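Just below is one structure, and these are the notes that go with it.
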Amino acid sequence: MIRIGHGYDVHRLTEGRKLILGGVEIPHEKGLLGHSDADVLVHAVMDAMLGALALGDIGKLFPDTDSRYEGADSIALLKMVTEIISEKGFCVGNIDCTVICQSPKLAPHIEKMRENIAAAADCDISRISVKATTEEGLGFTGTGEGIAAHAVCILENSV
C-alpha cells in the first residue's frame, strides 16, 4: 500500500532571526518568524508525511502554545514524525519539495538540505528532491515579505 500527502507552510521574514531552511543556516539579512526555528521547508515535509496517514498537521502534533517547542529544531521534529510514521508501518517512498522565495539564492544549499531531510526521514538521499523558485517579484514571497514551501510525500508500507 502507498499513501500520498501534501504539505504547505509559510513564514514571515523578519530581522533578528536566523534563516533556517532544510536544516541549513543560510546567510541572509532576515530570518523566518515562528515559534520553532520556522523552517518552512521541513514544516511542509512533516505536514506531507502526516497528511499521507491522515494524522493531522504539525500544529496538532507540536502546538505553538507548548513551550517545549519554542525555538525547536525542525530537523529534530522531523525525526519524531519519522518515528511515528515507522510505528504505523510506513516508510518514505519519496519526497518532492519546492521552496518559494525571491532571495537568497538557495542553489548552493540544496544538496545539504537534501542530506538533512534524508537523514531525518531515515531514507536514501535519492528519495529526496528539493527545488527552489522565485515568483519574479510577485506576491508576498516575491516582495521578500516571506518564504513558502510545498512538499508532496509518498509513504510505502514497510511491513
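Starting from 1 in every chain, residues are counted up; chains themselves are A, B, ... following the order of the C-alpha cells, and ligands are numbered from 1 as listed.
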
Item to check | Selection near segment 15-31 of chain A, 6 Å with only C-alpha atoms, sequence-local residues under 3 positions removed, as a list in words | outcome: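 Near neighbours after the sequence-gap exclusion: Asp39, Leu41, Val42, Ile75 and Met113 of chain A.
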
For C-alpha atoms, I'd like the residues from the last selection saved as a PDB file, in the first residue's frame.
```pdb
ATOM      1  CA  ASP A  39      11.983  26.079   8.847  1.00  0.00           C
ATOM      2  CA  LEU A  41      10.718  23.533   4.123  1.00  0.00           C
ATOM      3  CA  VAL A  42      10.866  20.956   6.895  1.00  0.00           C
ATOM      4  CA  ILE A  75      15.023  18.534  11.840  1.00  0.00           C
ATOM      5  CA  MET A 113      19.089  20.337   2.627  1.00  0.00           C
TER       6      MET A 113
END
```

Checklist entry - Taking the backbone alone, and naming residues the way the document does, which bits of segment 8-153 of chain A are alpha helix (DSSP H) by DSSP, as a ChimeraX atom specification? => result /A:40-52,58-61,74-87,110-120,139-142

Only C-alpha atoms, please: the residues just picked out, written as a PDB file, in the first residue's frame.
```
ATOM      1  CA  VAL A  40       9.186  26.272   6.246  1.00  0.00           C
ATOM      2  CA  LEU A  41      10.718  23.533   4.123  1.00  0.00           C
ATOM      3  CA  VAL A  42      10.866  20.956   6.895  1.00  0.00           C
ATOM      4  CA  HIS A  43       7.435  22.031   8.158  1.00  0.00           C
ATOM      5  CA  ALA A  44       5.938  21.353   4.716  1.00  0.00           C
ATOM      6  CA  VAL A  45       7.680  17.955   4.619  1.00  0.00           C
ATOM      7  CA  MET A  46       6.302  16.981   8.039  1.00  0.00           C
ATOM      8  CA  ASP A  47       2.784  18.064   7.063  1.00  0.00           C
ATOM      9  CA  ALA A  48       3.036  15.973   3.881  1.00  0.00           C
ATOM     10  CA  MET A  49       4.152  12.909   5.848  1.00  0.00           C
ATOM     11  CA  LEU A  50       1.459  13.337   8.484  1.00  0.00           C
ATOM     12  CA  GLY A  51      -1.172  14.051   5.848  1.00  0.00           C
ATOM     13  CA  ALA A  52      -0.344  10.852   3.983  1.00  0.00           C
ATOM     14  CA  ILE A  58       2.381  19.770  12.821  1.00  0.00           C
ATOM     15  CA  GLY A  59       0.199  22.311  14.617  1.00  0.00           C
ATOM     16  CA  LYS A  60      -1.698  19.397  16.128  1.00  0.00           C
ATOM     17  CA  LEU A  61       1.444  17.411  16.967  1.00  0.00           C
ATOM     18  CA  SER A  74      12.665  21.313  12.936  1.00  0.00           C
ATOM     19  CA  ILE A  75      15.023  18.534  11.840  1.00  0.00           C
ATOM     20  CA  ALA A  76      14.639  17.015  15.329  1.00  0.00           C
ATOM     21  CA  LEU A  77      10.858  17.303  14.965  1.00  0.00           C
ATOM     22  CA  LEU A  78      11.082  15.607  11.548  1.00  0.00           C
ATOM     23  CA  LYS A  79      12.883  12.690  13.210  1.00  0.00           C
ATOM     24  CA  MET A  80       9.951  12.421  15.624  1.00  0.00           C
ATOM     25  CA  VAL A  81       7.467  12.409  12.731  1.00  0.00           C
ATOM     26  CA  THR A  82       9.549   9.714  11.006  1.00  0.00           C
ATOM     27  CA  GLU A  83       9.312   7.567  14.155  1.00  0.00           C
ATOM     28  CA  ILE A  84       5.521   7.982  14.193  1.00  0.00           C
ATOM     29  CA  ILE A  85       5.313   7.008  10.507  1.00  0.00           C
ATOM     30  CA  SER A  86       7.505   3.970  11.166  1.00  0.00           C
ATOM     31  CA  GLU A  87       5.356   2.906  14.121  1.00  0.00           C
ATOM     32  CA  ILE A 110      20.104  22.397  -1.770  1.00  0.00           C
ATOM     33  CA  GLU A 111      22.371  19.353  -1.550  1.00  0.00           C
ATOM     34  CA  LYS A 112      22.857  19.845   2.208  1.00  0.00           C
ATOM     35  CA  MET A 113      19.089  20.337   2.627  1.00  0.00           C
ATOM     36  CA  ARG A 114      18.507  17.029   0.838  1.00  0.00           C
ATOM     37  CA  GLU A 115      21.081  15.308   3.055  1.00  0.00           C
ATOM     38  CA  ASN A 116      19.486  16.674   6.229  1.00  0.00           C
ATOM     39  CA  ILE A 117      15.956  15.710   5.222  1.00  0.00           C
ATOM     40  CA  ALA A 118      17.028  12.235   4.073  1.00  0.00           C
ATOM     41  CA  ALA A 119      18.840  11.560   7.347  1.00  0.00           C
ATOM     42  CA  ALA A 120      15.900  12.747   9.454  1.00  0.00           C
ATOM     43  CA  GLY A 139       3.149  38.221  -4.136  1.00  0.00           C
ATOM     44  CA  PHE A 140       4.470  38.135  -0.578  1.00  0.00           C
ATOM     45  CA  THR A 141       7.356  35.819  -1.495  1.00  0.00           C
ATOM     46  CA  GLY A 142       8.287  37.961  -4.481  1.00  0.00           C
TER      47      GLY A 142
END
```

Next on the checklist: Calculated over only C-alpha atoms, which of the candidates A:Asp9, A:Glu156, A:Glu70, A:Asp96 has the smallest distance to Asp37 of chain A?
Outcome noted: A:Glu70

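From atom CA of Gly56 of chain A back to atom CA of Gly71 of chain A, the distance works out to 21.5 Å.
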
Item to check | Residues near Thr98 of chain A, cut-off 8 Å, only C-alpha atoms, skip fewer than 4 positions along chain, as a list in words | outcome: Leu41, Val130, Lys131, Ala132, Thr133, Ala149, His150 and Ala151 of chain A

Expected file: the selected residues, N, CA and C atoms, as a PDB file, in the first residue's frame:
```
ATOM      1  N   LEU A  41      10.511  24.717   4.953  1.00  0.00           N
ATOM      2  CA  LEU A  41      10.718  23.533   4.123  1.00  0.00           C
ATOM      3  C   LEU A  41      10.445  22.262   4.925  1.00  0.00           C
ATOM      4  N   VAL A 130      14.627  18.574  -3.610  1.00  0.00           N
ATOM      5  CA  VAL A 130      14.381  19.943  -3.135  1.00  0.00           C
ATOM      6  C   VAL A 130      14.679  20.882  -4.297  1.00  0.00           C
ATOM      7  N   LYS A 131      13.709  21.728  -4.593  1.00  0.00           N
ATOM      8  CA  LYS A 131      13.857  22.717  -5.654  1.00  0.00           C
ATOM      9  C   LYS A 131      13.548  24.092  -5.069  1.00  0.00           C
ATOM     10  N   ALA A 132      14.011  25.122  -5.758  1.00  0.00           N
ATOM     11  CA  ALA A 132      13.711  26.489  -5.326  1.00  0.00           C
ATOM     12  C   ALA A 132      13.302  27.303  -6.540  1.00  0.00           C
ATOM     13  N   THR A 133      12.387  28.235  -6.303  1.00  0.00           N
ATOM     14  CA  THR A 133      11.942  29.109  -7.381  1.00  0.00           C
ATOM     15  C   THR A 133      11.609  30.480  -6.803  1.00  0.00           C
ATOM     16  N   ALA A 149       6.776  27.055   1.210  1.00  0.00           N
ATOM     17  CA  ALA A 149       7.262  25.766   0.717  1.00  0.00           C
ATOM     18  C   ALA A 149       6.089  24.813   0.536  1.00  0.00           C
ATOM     19  N   HIS A 150       6.176  24.024  -0.520  1.00  0.00           N
ATOM     20  CA  HIS A 150       5.243  22.932  -0.780  1.00  0.00           C
ATOM     21  C   HIS A 150       6.034  21.630  -0.737  1.00  0.00           C
ATOM     22  N   ALA A 151       5.388  20.560  -0.290  1.00  0.00           N
ATOM     23  CA  ALA A 151       6.013  19.240  -0.330  1.00  0.00           C
ATOM     24  C   ALA A 151       4.942  18.193  -0.587  1.00  0.00           C
TER      25      ALA A 151
END
```
